[in-house]
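*Asks:* Next comes structure17.txt, compact mmCIF, C-alpha atoms:
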# COMPACT_ATOMS: atom_id res chain seq x y z
CA MET A 1 -51.42 102.07 -12.21
CA VAL A 2 -48.94 99.19 -12.36
CA VAL A 3 -46.40 99.28 -9.54
CA ASP A 4 -43.32 97.20 -10.27
CA ASN A 5 -41.32 95.45 -7.56
CA LYS A 6 -37.54 95.20 -7.82
CA ALA A 7 -35.47 92.04 -7.70
CA THR A 8 -31.87 90.98 -8.18
CA ILE A 9 -30.85 88.32 -10.66
CA THR A 10 -28.81 85.96 -8.48
CA TYR A 11 -28.21 83.00 -10.82
CA VAL A 12 -27.86 82.57 -14.57
CA GLN A 13 -27.39 79.12 -16.14
CA LEU A 14 -27.14 79.30 -19.92
CA LEU A 15 -28.25 75.87 -21.15
CA LYS A 16 -27.70 76.89 -24.78
CA GLU A 17 -27.56 80.14 -26.67
CA ASP A 18 -31.35 80.60 -26.54
CA LEU A 19 -32.32 78.81 -23.32
CA VAL A 20 -31.55 79.98 -19.80
CA ILE A 21 -32.44 79.17 -16.19
CA LEU A 22 -32.74 82.33 -14.13
CA ARG A 23 -33.21 82.97 -10.42
CA ILE A 24 -34.41 86.24 -8.93
CA VAL A 25 -34.64 87.44 -5.33
CA PRO A 26 -36.82 90.40 -4.30
CA LYS A 27 -34.86 93.42 -3.11
CA GLU A 28 -37.46 94.13 -0.44
CA GLY A 29 -39.43 91.52 1.46
CA GLU A 30 -39.62 87.78 0.94
CA VAL A 31 -40.20 85.63 -2.11
CA PRO A 32 -43.92 86.15 -2.84
CA ASP A 33 -46.49 83.49 -2.01
CA PHE A 34 -47.83 81.64 -5.03
CA GLU A 35 -49.36 78.34 -6.05
CA ALA A 36 -47.66 75.71 -8.17
CA GLY A 37 -48.65 76.29 -11.80
CA GLN A 38 -48.79 80.10 -11.61
CA PHE A 39 -46.67 82.61 -13.53
CA ILE A 40 -44.80 85.78 -12.64
CA THR A 41 -44.45 88.89 -14.81
CA LEU A 42 -40.95 90.28 -15.37
CA GLY A 43 -40.09 93.68 -16.78
CA LEU A 44 -37.11 95.69 -17.98
CA PRO A 45 -36.73 99.13 -19.58
CA ASN A 46 -36.10 98.85 -23.31
CA PRO A 47 -33.52 101.40 -24.51
CA ASN A 48 -34.82 101.08 -28.07
CA GLU A 49 -38.22 102.34 -26.91
CA GLY A 50 -37.15 105.29 -24.78
CA ASP A 51 -36.71 103.02 -21.73
CA LYS A 52 -40.35 102.03 -21.80
CA ILE A 53 -40.92 99.07 -19.45
CA VAL A 54 -41.56 95.90 -21.43
CA ARG A 55 -43.24 93.10 -19.45
CA ARG A 56 -43.84 89.41 -20.12
CA ALA A 57 -45.29 86.56 -18.04
CA TYR A 58 -43.25 83.40 -17.36
CA SER A 59 -44.28 80.20 -15.62
CA ILE A 60 -42.53 79.64 -12.30
CA ALA A 61 -40.36 76.52 -12.11
CA SER A 62 -39.50 76.74 -8.41
CA HIS A 63 -42.04 75.58 -5.83
CA PRO A 64 -44.05 77.58 -3.28
CA GLU A 65 -42.18 76.08 -0.31
CA ASN A 66 -38.89 77.50 -1.61
CA LYS A 67 -38.54 80.96 -0.09
CA LYS A 68 -34.95 81.50 -1.25
CA PHE A 69 -35.61 82.53 -4.86
CA VAL A 70 -38.00 82.40 -7.81
CA GLU A 71 -36.68 80.24 -10.65
CA LEU A 72 -37.66 80.48 -14.32
CA VAL A 73 -36.62 78.78 -17.54
CA ILE A 74 -36.78 81.20 -20.47
CA ARG A 75 -36.28 80.86 -24.20
CA TRP A 76 -34.86 83.75 -26.20
CA VAL A 77 -37.36 84.74 -28.87
CA ARG A 78 -35.41 85.45 -32.06
CA LYS A 79 -37.89 84.87 -34.90
CA PRO A 80 -39.59 86.50 -36.69
CA LEU A 81 -38.10 89.41 -34.71
CA PRO A 82 -35.90 89.46 -31.59
CA GLY A 83 -38.03 89.45 -28.44
CA ARG A 84 -38.38 92.87 -26.86
CA LEU A 85 -37.88 91.48 -23.35
CA THR A 86 -36.10 88.17 -23.86
CA THR A 87 -33.28 89.90 -25.75
CA GLN A 88 -32.79 92.11 -22.70
CA ILE A 89 -32.91 89.14 -20.33
CA PHE A 90 -30.29 87.23 -22.30
CA SER A 91 -27.96 90.21 -21.96
CA ALA A 92 -28.46 90.38 -18.18
CA LYS A 93 -25.86 89.24 -15.66
CA GLU A 94 -25.91 88.01 -12.08
CA GLY A 95 -26.33 91.06 -9.85
CA ASP A 96 -28.45 93.01 -12.34
CA GLU A 97 -31.81 94.44 -11.36
CA ILE A 98 -35.08 93.25 -12.85
CA LEU A 99 -38.70 94.24 -12.24
CA TRP A 100 -41.53 91.87 -11.30
CA LEU A 101 -45.25 91.79 -10.62
CA LYS A 102 -46.83 89.35 -8.18
CA PRO A 103 -47.57 85.78 -9.35
CA THR A 104 -50.99 85.05 -10.76
CA GLY A 105 -52.86 82.66 -13.06
CA ARG A 106 -55.43 79.92 -12.46
CA ALA A 107 -55.29 77.81 -15.64
CA LEU A 108 -52.83 75.23 -14.26
CA LEU A 109 -53.59 75.17 -10.55
CA ILE A 110 -53.48 71.63 -9.16
CA ASN A 111 -56.95 70.13 -8.84
CA ASN A 112 -57.45 68.76 -5.33
CA GLU A 113 -61.23 68.22 -5.22
CA LEU A 114 -63.82 66.67 -7.49
CA PRO A 115 -67.08 68.54 -8.21
CA ASP A 116 -68.83 66.67 -5.39
CA GLY A 117 -66.25 67.89 -2.88
CA THR A 118 -64.42 64.58 -2.47
CA LYS A 119 -60.64 64.39 -2.74
CA ASP A 120 -59.23 64.12 -6.24
CA THR A 121 -57.02 61.02 -6.15
CA ARG A 122 -56.62 60.59 -9.91
CA ARG A 123 -53.20 60.06 -11.44
CA ILE A 124 -51.61 63.39 -12.46
CA VAL A 125 -50.05 63.40 -15.93
CA CYS A 126 -48.21 66.59 -16.92
CA ILE A 127 -47.29 67.16 -20.56
CA GLY A 128 -44.88 70.01 -21.26
CA GLY A 129 -43.58 71.12 -24.64
CA GLY A 130 -40.28 73.04 -24.49
CA THR A 131 -40.34 75.64 -21.70
CA GLY A 132 -43.91 74.48 -21.03
CA LEU A 133 -42.22 72.08 -18.62
CA ALA A 134 -41.69 74.88 -16.08
CA PRO A 135 -45.01 74.73 -14.17
CA PHE A 136 -44.68 70.97 -13.87
CA VAL A 137 -41.24 71.23 -12.31
CA SER A 138 -43.00 73.38 -9.73
CA PHE A 139 -45.76 70.74 -9.44
CA ALA A 140 -43.26 67.94 -8.82
CA GLN A 141 -41.27 69.77 -6.16
CA HIS A 142 -44.40 71.05 -4.43
CA LEU A 143 -46.15 67.67 -4.33
CA HIS A 144 -42.93 66.10 -3.09
CA ALA A 145 -42.58 68.73 -0.36
CA ILE A 146 -46.11 68.18 0.99
CA GLY A 147 -45.91 64.38 0.80
CA ASP A 148 -48.70 63.96 -1.76
CA LYS A 149 -49.42 60.27 -2.41
CA ARG A 150 -50.96 60.61 -5.89
CA GLU A 151 -49.15 59.07 -8.84
CA ILE A 152 -47.40 61.83 -10.81
CA VAL A 153 -46.05 61.46 -14.34
CA ILE A 154 -44.16 64.22 -16.15
CA LEU A 155 -43.68 63.98 -19.91
CA HIS A 156 -41.41 66.53 -21.58
CA GLY A 157 -40.93 67.16 -25.28
CA ALA A 158 -37.97 68.97 -26.82
CA SER A 159 -36.17 69.22 -30.15
CA TYR A 160 -32.69 68.61 -28.74
CA VAL A 161 -31.25 66.78 -25.74
CA ASP A 162 -29.70 69.97 -24.33
CA GLU A 163 -33.22 71.42 -24.06
CA LEU A 164 -34.21 68.83 -21.43
CA SER A 165 -33.70 71.57 -18.88
CA TYR A 166 -34.66 69.68 -15.72
CA LYS A 167 -33.66 66.13 -16.66
CA GLU A 168 -31.33 65.68 -13.68
CA LEU A 169 -33.76 67.02 -11.08
CA LEU A 170 -36.70 64.99 -12.40
CA THR A 171 -34.62 61.82 -12.80
CA ASP A 172 -33.50 62.18 -9.18
CA LEU A 173 -37.14 62.47 -8.10
CA GLU A 174 -37.97 59.27 -9.99
CA ASN A 175 -35.00 57.45 -8.47
CA GLU A 176 -36.21 58.52 -5.04
CA SER A 177 -39.62 57.07 -5.88
CA ILE A 178 -38.00 53.75 -6.81
CA SER A 179 -35.95 53.79 -3.61
CA ARG A 180 -38.74 54.76 -1.21
CA GLY A 181 -41.54 52.87 -2.93
CA LYS A 182 -44.59 54.23 -4.71
CA ASP A 183 -46.67 54.14 -1.52
CA GLU A 184 -44.45 56.94 -0.21
CA TRP A 185 -43.61 58.88 -3.38
CA ASN A 186 -45.03 57.81 -6.73
CA PHE A 187 -43.27 59.73 -9.50
CA LYS A 188 -42.18 59.03 -13.09
CA TYR A 189 -40.44 61.19 -15.68
CA ARG A 190 -39.95 60.59 -19.39
CA ALA A 191 -38.85 62.78 -22.29
CA SER A 192 -39.21 62.71 -26.05
CA ILE A 193 -36.92 64.18 -28.71
CA SER A 194 -38.59 65.35 -31.92
CA ARG A 195 -35.45 65.52 -34.11
CA PRO A 196 -33.65 62.23 -33.44
CA GLN A 197 -32.04 62.22 -36.90
CA GLU A 198 -29.87 65.24 -36.13
CA TRP A 199 -26.25 64.62 -35.16
CA PHE A 200 -26.50 66.49 -31.86
CA ASN A 201 -29.13 63.98 -30.68
CA ARG A 202 -27.13 60.91 -31.71
CA THR A 203 -26.89 59.56 -28.14
CA TRP A 204 -30.65 59.70 -27.52
CA SER A 205 -32.27 56.28 -27.00
CA GLY A 206 -35.61 57.26 -25.50
CA GLN A 207 -38.99 58.19 -26.98
CA ILE A 208 -38.86 60.01 -30.32
CA GLY A 209 -41.38 62.38 -31.84
CA ARG A 210 -43.49 65.15 -30.34
CA VAL A 211 -44.37 64.77 -26.69
CA GLU A 212 -48.00 63.86 -27.41
CA THR A 213 -46.81 60.63 -29.08
CA PHE A 214 -46.63 59.18 -25.57
CA LEU A 215 -50.43 58.91 -25.99
CA ARG A 216 -50.40 57.16 -29.37
CA GLN A 217 -51.44 53.52 -29.29
CA ARG A 218 -48.96 51.01 -30.63
CA ASP A 219 -49.79 47.83 -32.52
CA GLY A 220 -50.62 46.05 -29.26
CA GLY A 221 -53.30 48.61 -28.49
CA THR A 222 -51.51 50.36 -25.62
CA SER A 223 -49.66 53.66 -25.62
CA PRO A 224 -46.16 54.33 -24.21
CA LEU A 225 -47.83 56.18 -21.31
CA GLU A 226 -50.03 53.17 -20.52
CA GLU A 227 -47.01 50.88 -20.67
CA LEU A 228 -45.25 53.22 -18.23
CA VAL A 229 -48.06 53.28 -15.65
CA GLY A 230 -49.12 49.68 -16.16
CA GLU A 231 -52.80 50.18 -16.93
CA LYS A 232 -55.27 51.69 -19.37
CA ILE A 233 -55.57 55.47 -19.15
CA THR A 234 -59.20 56.48 -18.58
CA LYS A 235 -61.02 59.66 -17.67
CA GLU A 236 -61.82 58.05 -14.32
CA ASN A 237 -58.24 57.37 -13.27
CA THR A 238 -56.21 60.23 -14.81
CA ILE A 239 -56.20 64.02 -15.04
CA PHE A 240 -53.96 65.75 -17.58
CA TYR A 241 -52.19 69.10 -17.34
CA VAL A 242 -50.72 70.45 -20.59
CA CYS A 243 -48.52 73.49 -21.25
CA GLY A 244 -46.81 74.54 -24.47
CA TRP A 245 -47.52 75.82 -27.94
CA GLN A 246 -51.13 75.56 -29.10
CA GLY A 247 -50.01 72.77 -31.42
CA THR A 248 -49.04 70.71 -28.36
CA ILE A 249 -52.45 71.31 -26.77
CA ASP A 250 -54.24 70.36 -29.98
CA GLY A 251 -52.05 67.29 -30.44
CA VAL A 252 -52.83 66.02 -26.94
CA MET A 253 -56.57 66.56 -27.40
CA ASP A 254 -56.49 64.71 -30.72
CA PHE A 255 -55.67 61.61 -28.67
CA LEU A 256 -57.80 62.33 -25.59
CA LYS A 257 -61.03 63.71 -27.03
CA PRO A 258 -62.05 60.44 -28.77
CA LYS A 259 -61.70 58.75 -25.36
CA GLY A 260 -64.23 61.12 -23.78
CA PHE A 261 -61.79 63.48 -22.07
CA VAL A 262 -62.95 67.10 -21.80
CA THR A 263 -61.08 70.25 -20.83
CA GLU A 264 -61.86 72.56 -17.94
CA HIS A 265 -62.88 75.16 -20.55
CA ASP A 266 -65.57 72.78 -21.82
CA LYS A 267 -66.44 71.09 -18.55
CA ARG A 268 -69.65 69.15 -18.19
CA GLU A 269 -72.79 70.46 -16.49
CA ASP A 270 -71.76 68.74 -13.24
CA GLY A 271 -68.43 70.61 -13.33
CA SER A 272 -66.30 67.57 -14.17
CA PHE A 273 -63.31 67.60 -16.56
CA GLU A 274 -60.05 65.71 -17.13
CA VAL A 275 -57.74 68.21 -18.87
CA LYS A 276 -56.33 71.57 -17.79
CA TYR A 277 -54.09 73.47 -20.18
CA GLU A 278 -52.29 76.71 -20.87
CA SER A 279 -50.95 77.77 -24.25
CA TYR A 280 -48.20 80.33 -24.82
CA GLY A 281 -48.63 80.74 -28.55
Give the structure from the file, written as C-alpha cells.
*Replies:*
Amino acid sequence: MVVDNKATITYVQLLKEDLVILRIVPKEGEVPDFEAGQFITLGLPNPNEGDKIVRRAYSIASHPENKKFVELVIRWVRKPLPGRLTTQIFSAKEGDEILWLKPTGRALLINNELPDGTKDTRRIVCIGGGTGLAPFVSFAQHLHAIGDKREIVILHGASYVDELSYKELLTDLENESISRGKDEWNFKYRASISRPQEWFNRTWSGQIGRVETFLRQRDGGTSPLEELVGEKITKENTIFYVCGWQGTIDGVMDFLKPKGFVTEHDKREDGSFEVKYESYG
C-alpha cells in the first residue's frame, strides 16, 4: 500500500502561464535524502475523480546538500487534454498542502567510476530539453557543493527565452568558474532557442535550433560544443547525460552514435558506455 507523506508548498514562481518553479517542505521530518538526478513523486486529490489521488514523478532541481526545501520546475500539460495533476498544481498557492513519495530513480545518477573501478574523470555534458534541465540544475549545484574538479557543461534547449528557467543561476556558476579558474571550478552553460523567428525571442543572440544542434559539425568540421570546450569530443574524454522528450534523446544519438558512443542501456560487454538518458515522453 502506498503511504503518502505531506508537505507544504512554500514558494511558487510562475515563469509563464504554463511553467512554474515550486518548492515544497515536508510537514514532518527533514527534506529526504536523495541523489542528484533522481525524481520525486507528487500527488493531489482530484475532485473530478471523487478525490482520487493522482500522482506524477518530477525531476528534482534542488541539490542533495540543500536541506531547506525540494525544488521542482513543472510544465502545465494542456494538450491534448489538461493534465490531471499539473492542472491542480497550477491552481495551488503558497501554504497549500501537497503529497509526496520518497525520491527514487537511477537512470541519471552521476557516474563516478569506470567499469575497472578507477575514477571517472571524463568531461560531463548535460543536455536538457525544456523541463529536462531540472536534474542537471541539481547536478551543477551538487558538484559545486562537493568541489568536484571535472569539467561540466550544461546545454539547455527551449522554444522561448522565458523558458530558460535557470539561466541566472547557471550563468552565475559559469561566472564563478571564470573568476576562480577552471582548476577550481570548471563549468560552462549555454542555451539554444528553437523558434528565433518569433517576436518574443527578438533579443536572442545565442545558439538557435534544437538543443542537439550544439553537436552538429559546422563547415570547419567542429561543432559548437567542441568550440566551447576547445577540443574534439570523443568517447574517451566525455560522458553525456540527456533528459527530455524522446525526440531530444533520438536527436542527440543521431550525432553521437556514428562516433561510437553507446548508451548505458546498450553498454558493451565490459560495462562501458558514454551516454545516460531519461525520456519523459
*Asks:* Between CA of Asn48 (chain A) and CA of Ala92 (chain A), what distance in Å does the model show, to one decimal?
*Replies:*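 Taking CA of Asn48 (chain A) and CA of Ala92 (chain A), their separation equals 15.9 Å.
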*Asks:* Please list, as an mmCIF file with C-alpha atoms, keeping the file's coordinate frame, the residues that have an atom at most 6 Å away from (-58.3, 69.4, -6.7) in the coordinates of this file, counting all atoms listed in the file.
*Replies:*
data_model
loop_
_atom_site.group_PDB
_atom_site.id
_atom_site.type_symbol
_atom_site.label_atom_id
_atom_site.label_comp_id
_atom_site.auth_asym_id
_atom_site.auth_seq_id
_atom_site.Cartn_x
_atom_site.Cartn_y
_atom_site.Cartn_z
ATOM 1 C CA ILE A 110 -53.480 71.630 -9.160
ATOM 2 C CA ASN A 111 -56.950 70.130 -8.840
ATOM 3 C CA ASN A 112 -57.450 68.760 -5.330
ATOM 4 C CA GLU A 113 -61.230 68.220 -5.220
ATOM 5 C CA ASP A 120 -59.230 64.120 -6.240
#
*Asks:* Could the residues of region 169-191 of chain A that have an atom at most 12 Å from region 228-233 of chain A be listed as a Markdown table, each with its closest atom pair and the distance in Å to one decimal, counting all atoms listed in the file and ordered by chain and ascending residue number?
*Replies:*
| residue | atom | partner | partner_atom | distance |
| --- | --- | --- | --- | --- |
| A:Lys182 | CA | A:Val229 | CA | 11.5 |
| A:Asn186 | CA | A:Val229 | CA | 10.5 |
| A:Phe187 | CA | A:Val229 | CA | 10.1 |
| A:Lys188 | CA | A:Leu228 | CA | 8.3 |
| A:Tyr189 | CA | A:Leu228 | CA | 9.7 |
| A:Arg190 | CA | A:Leu228 | CA | 9.2 |
*Asks:* Within 6 Å of Thr263 (chain A), counting all atoms listed in the file, which residues show up once you throw out same-chain ones fewer than 2 positions away? Write them as a list in words, please.
*Replies:*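 Answer for this query is His265, Asp266, Lys267, Phe273, Glu274, Val275 and Lys276 of chain A.
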*Asks:* Would you mind exporting the chosen residues as a CSV table (one decimal), keeping the file's coordinate frame, restricted to C-alpha atoms?
*Replies:*
chain,number,residue,atom,x,y,z
A,265,HIS,CA,-62.9,75.2,-20.6
A,266,ASP,CA,-65.6,72.8,-21.8
A,267,LYS,CA,-66.4,71.1,-18.6
A,273,PHE,CA,-63.3,67.6,-16.6
A,274,GLU,CA,-60.0,65.7,-17.1
A,275,VAL,CA,-57.7,68.2,-18.9
A,276,LYS,CA,-56.3,71.6,-17.8
*Asks:* Using CA of Asp4 (chain A) and CA of Glu71 (chain A) as the two end points, give the distance in Å to one decimal.
*Replies:*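 Spanning CA of Asp4 (chain A) to CA of Glu71 (chain A) is a straight-line distance of 18.2 Å.
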*Asks:* Between A:Val20, A:Ala134, A:Ala7, A:Val25, which residue has the minimum interatomic distance to Ser59 (chain A), considering all atoms listed in the file?
*Replies:*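 Among the listed residues, the smallest separation from Ser59 (chain A) belongs to A:Ala134.
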*Asks:* Using all atoms listed in the file, find the one residue out of A:Lys16, A:Lys102, A:Lys119, A:Lys257 that sits nearest to Val70 (chain A).
*Replies:*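 Checking each candidate against Val70 (chain A), we get A:Lys102 as the closest.
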*Asks:* Figure out the distance between CA of Pro26 (chain A) and CA of Lys68 (chain A), please, to one decimal in Å.
*Replies:*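 Distance reported for this atom pair: 9.6 Å.
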*Asks:* Go through A:Cys243, A:Ala158, A:Leu164, A:Leu256 one by one, measure the shortest atom-to-atom distance of each to Ala107 (chain A) using only C-alpha atoms, and give the residue with the smallest value.
*Replies:*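 Answer, going by the shortest atom-to-atom distance: A:Cys243.
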*Asks:* Need the shell around Val73 (chain A): protein/DNA/RNA residues with any atom at most 9 Å away, counting only C-alpha atoms. Skip same-chain ones fewer than 4 positions apart. Format as a list in words?
*Replies:*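 Residues meeting the cut-off are Leu19, Val20, Ile21, Leu22, Arg23, Tyr58, Ser59, Ile60, Ala61, Thr131, Leu133, Ala134 and Ser165 of chain A.
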*Asks:* Convert the current residue selection to file output with C-alpha atoms, as an mmCIF file, in the coordinates of the input.
*Replies:*
data_model
loop_
_atom_site.group_PDB
_atom_site.id
_atom_site.type_symbol
_atom_site.label_atom_id
_atom_site.label_comp_id
_atom_site.auth_asym_id
_atom_site.auth_seq_id
_atom_site.Cartn_x
_atom_site.Cartn_y
_atom_site.Cartn_z
ATOM 1 C CA LEU A 19 -32.320 78.810 -23.320
ATOM 2 C CA VAL A 20 -31.550 79.980 -19.800
ATOM 3 C CA ILE A 21 -32.440 79.170 -16.190
ATOM 4 C CA LEU A 22 -32.740 82.330 -14.130
ATOM 5 C CA ARG A 23 -33.210 82.970 -10.420
ATOM 6 C CA TYR A 58 -43.250 83.400 -17.360
ATOM 7 C CA SER A 59 -44.280 80.200 -15.620
ATOM 8 C CA ILE A 60 -42.530 79.640 -12.300
ATOM 9 C CA ALA A 61 -40.360 76.520 -12.110
ATOM 10 C CA THR A 131 -40.340 75.640 -21.700
ATOM 11 C CA LEU A 133 -42.220 72.080 -18.620
ATOM 12 C CA ALA A 134 -41.690 74.880 -16.080
ATOM 13 C CA SER A 165 -33.700 71.570 -18.880
#
*Asks:* My list of candidates is A:Arg180, A:His63, A:Lys52, A:Arg202. Which is closest to Ala145 (chain A) when distances are computed with only C-alpha atoms?
*Replies:*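 Nearest to Ala145 (chain A): A:His63.
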*Asks:* Excluding Glu35 (chain A) and any residue of its chain fewer than 5 positions from it, enumerate the residues within 10 Å of it, using all atoms listed in the file, and give them as a compact mmCIF listing (two decimals) with C-alpha atoms, in the coordinates of the input.
*Replies:*
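Once everything was written out, this is part.txt:
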# COMPACT_ATOMS: atom_id res chain seq x y z
CA ILE A 60 -42.53 79.64 -12.30
CA HIS A 63 -42.04 75.58 -5.83
CA PRO A 64 -44.05 77.58 -3.28
CA GLU A 65 -42.18 76.08 -0.31
CA PRO A 103 -47.57 85.78 -9.35
CA THR A 104 -50.99 85.05 -10.76
CA GLY A 105 -52.86 82.66 -13.06
CA ARG A 106 -55.43 79.92 -12.46
CA LEU A 108 -52.83 75.23 -14.26
CA LEU A 109 -53.59 75.17 -10.55
CA ILE A 110 -53.48 71.63 -9.16
CA PRO A 135 -45.01 74.73 -14.17
CA SER A 138 -43.00 73.38 -9.73
CA PHE A 139 -45.76 70.74 -9.44
CA HIS A 142 -44.40 71.05 -4.43
*Asks:* Please, can region 246-261 of chain A be completed to N, CA, C and O atoms and returned as a tab-separated table (two decimals), in the coordinates of the input?
*Replies:*
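Okay, out-v5.tsv is ready:
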chain	number	residue	atom	x	y	z
A	246	GLN	N	-49.76	76.02	-28.84
A	246	GLN	CA	-51.13	75.56	-29.10
A	246	GLN	C	-51.12	74.23	-29.85
A	246	GLN	O	-52.01	73.39	-29.66
A	247	GLY	N	-50.11	74.03	-30.70
A	247	GLY	CA	-50.01	72.77	-31.42
A	247	GLY	C	-49.87	71.58	-30.48
A	247	GLY	O	-50.38	70.48	-30.77
A	248	THR	N	-49.17	71.78	-29.36
A	248	THR	CA	-49.04	70.71	-28.36
A	248	THR	C	-50.40	70.42	-27.71
A	248	THR	O	-50.78	69.26	-27.55
A	249	ILE	N	-51.12	71.48	-27.37
A	249	ILE	CA	-52.45	71.31	-26.77
A	249	ILE	C	-53.36	70.55	-27.73
A	249	ILE	O	-54.02	69.58	-27.35
A	250	ASP	N	-53.38	70.99	-28.98
A	250	ASP	CA	-54.24	70.36	-29.98
A	250	ASP	C	-53.84	68.90	-30.20
A	250	ASP	O	-54.70	68.02	-30.35
A	251	GLY	N	-52.53	68.64	-30.23
A	251	GLY	CA	-52.05	67.29	-30.44
A	251	GLY	C	-52.47	66.35	-29.33
A	251	GLY	O	-52.87	65.20	-29.57
A	252	VAL	N	-52.40	66.83	-28.09
A	252	VAL	CA	-52.83	66.02	-26.94
A	252	VAL	C	-54.33	65.73	-27.04
A	252	VAL	O	-54.77	64.59	-26.85
A	253	MET	N	-55.12	66.75	-27.35
A	253	MET	CA	-56.57	66.56	-27.40
A	253	MET	C	-57.00	65.67	-28.57
A	253	MET	O	-58.03	65.02	-28.50
A	254	ASP	N	-56.19	65.63	-29.62
A	254	ASP	CA	-56.49	64.71	-30.72
A	254	ASP	C	-56.52	63.26	-30.23
A	254	ASP	O	-57.29	62.44	-30.74
A	255	PHE	N	-55.69	62.96	-29.23
A	255	PHE	CA	-55.67	61.61	-28.67
A	255	PHE	C	-56.71	61.42	-27.56
A	255	PHE	O	-57.30	60.35	-27.42
A	256	LEU	N	-56.95	62.47	-26.77
A	256	LEU	CA	-57.80	62.33	-25.59
A	256	LEU	C	-59.29	62.53	-25.87
A	256	LEU	O	-60.13	61.87	-25.25
A	257	LYS	N	-59.62	63.42	-26.78
A	257	LYS	CA	-61.03	63.71	-27.03
A	257	LYS	C	-61.82	62.49	-27.47
A	257	LYS	O	-62.94	62.26	-26.98
A	258	PRO	N	-61.29	61.64	-28.38
A	258	PRO	CA	-62.05	60.44	-28.77
A	258	PRO	C	-62.29	59.48	-27.61
A	258	PRO	O	-63.19	58.63	-27.69
A	259	LYS	N	-61.53	59.61	-26.52
A	259	LYS	CA	-61.70	58.75	-25.36
A	259	LYS	C	-62.64	59.36	-24.32
A	259	LYS	O	-62.78	58.84	-23.22
A	260	GLY	N	-63.25	60.50	-24.67
A	260	GLY	CA	-64.23	61.12	-23.78
A	260	GLY	C	-63.67	62.14	-22.83
A	260	GLY	O	-64.41	62.68	-22.00
A	261	PHE	N	-62.38	62.47	-22.94
A	261	PHE	CA	-61.79	63.48	-22.07
A	261	PHE	C	-62.26	64.87	-22.50
A	261	PHE	O	-62.33	65.17	-23.70
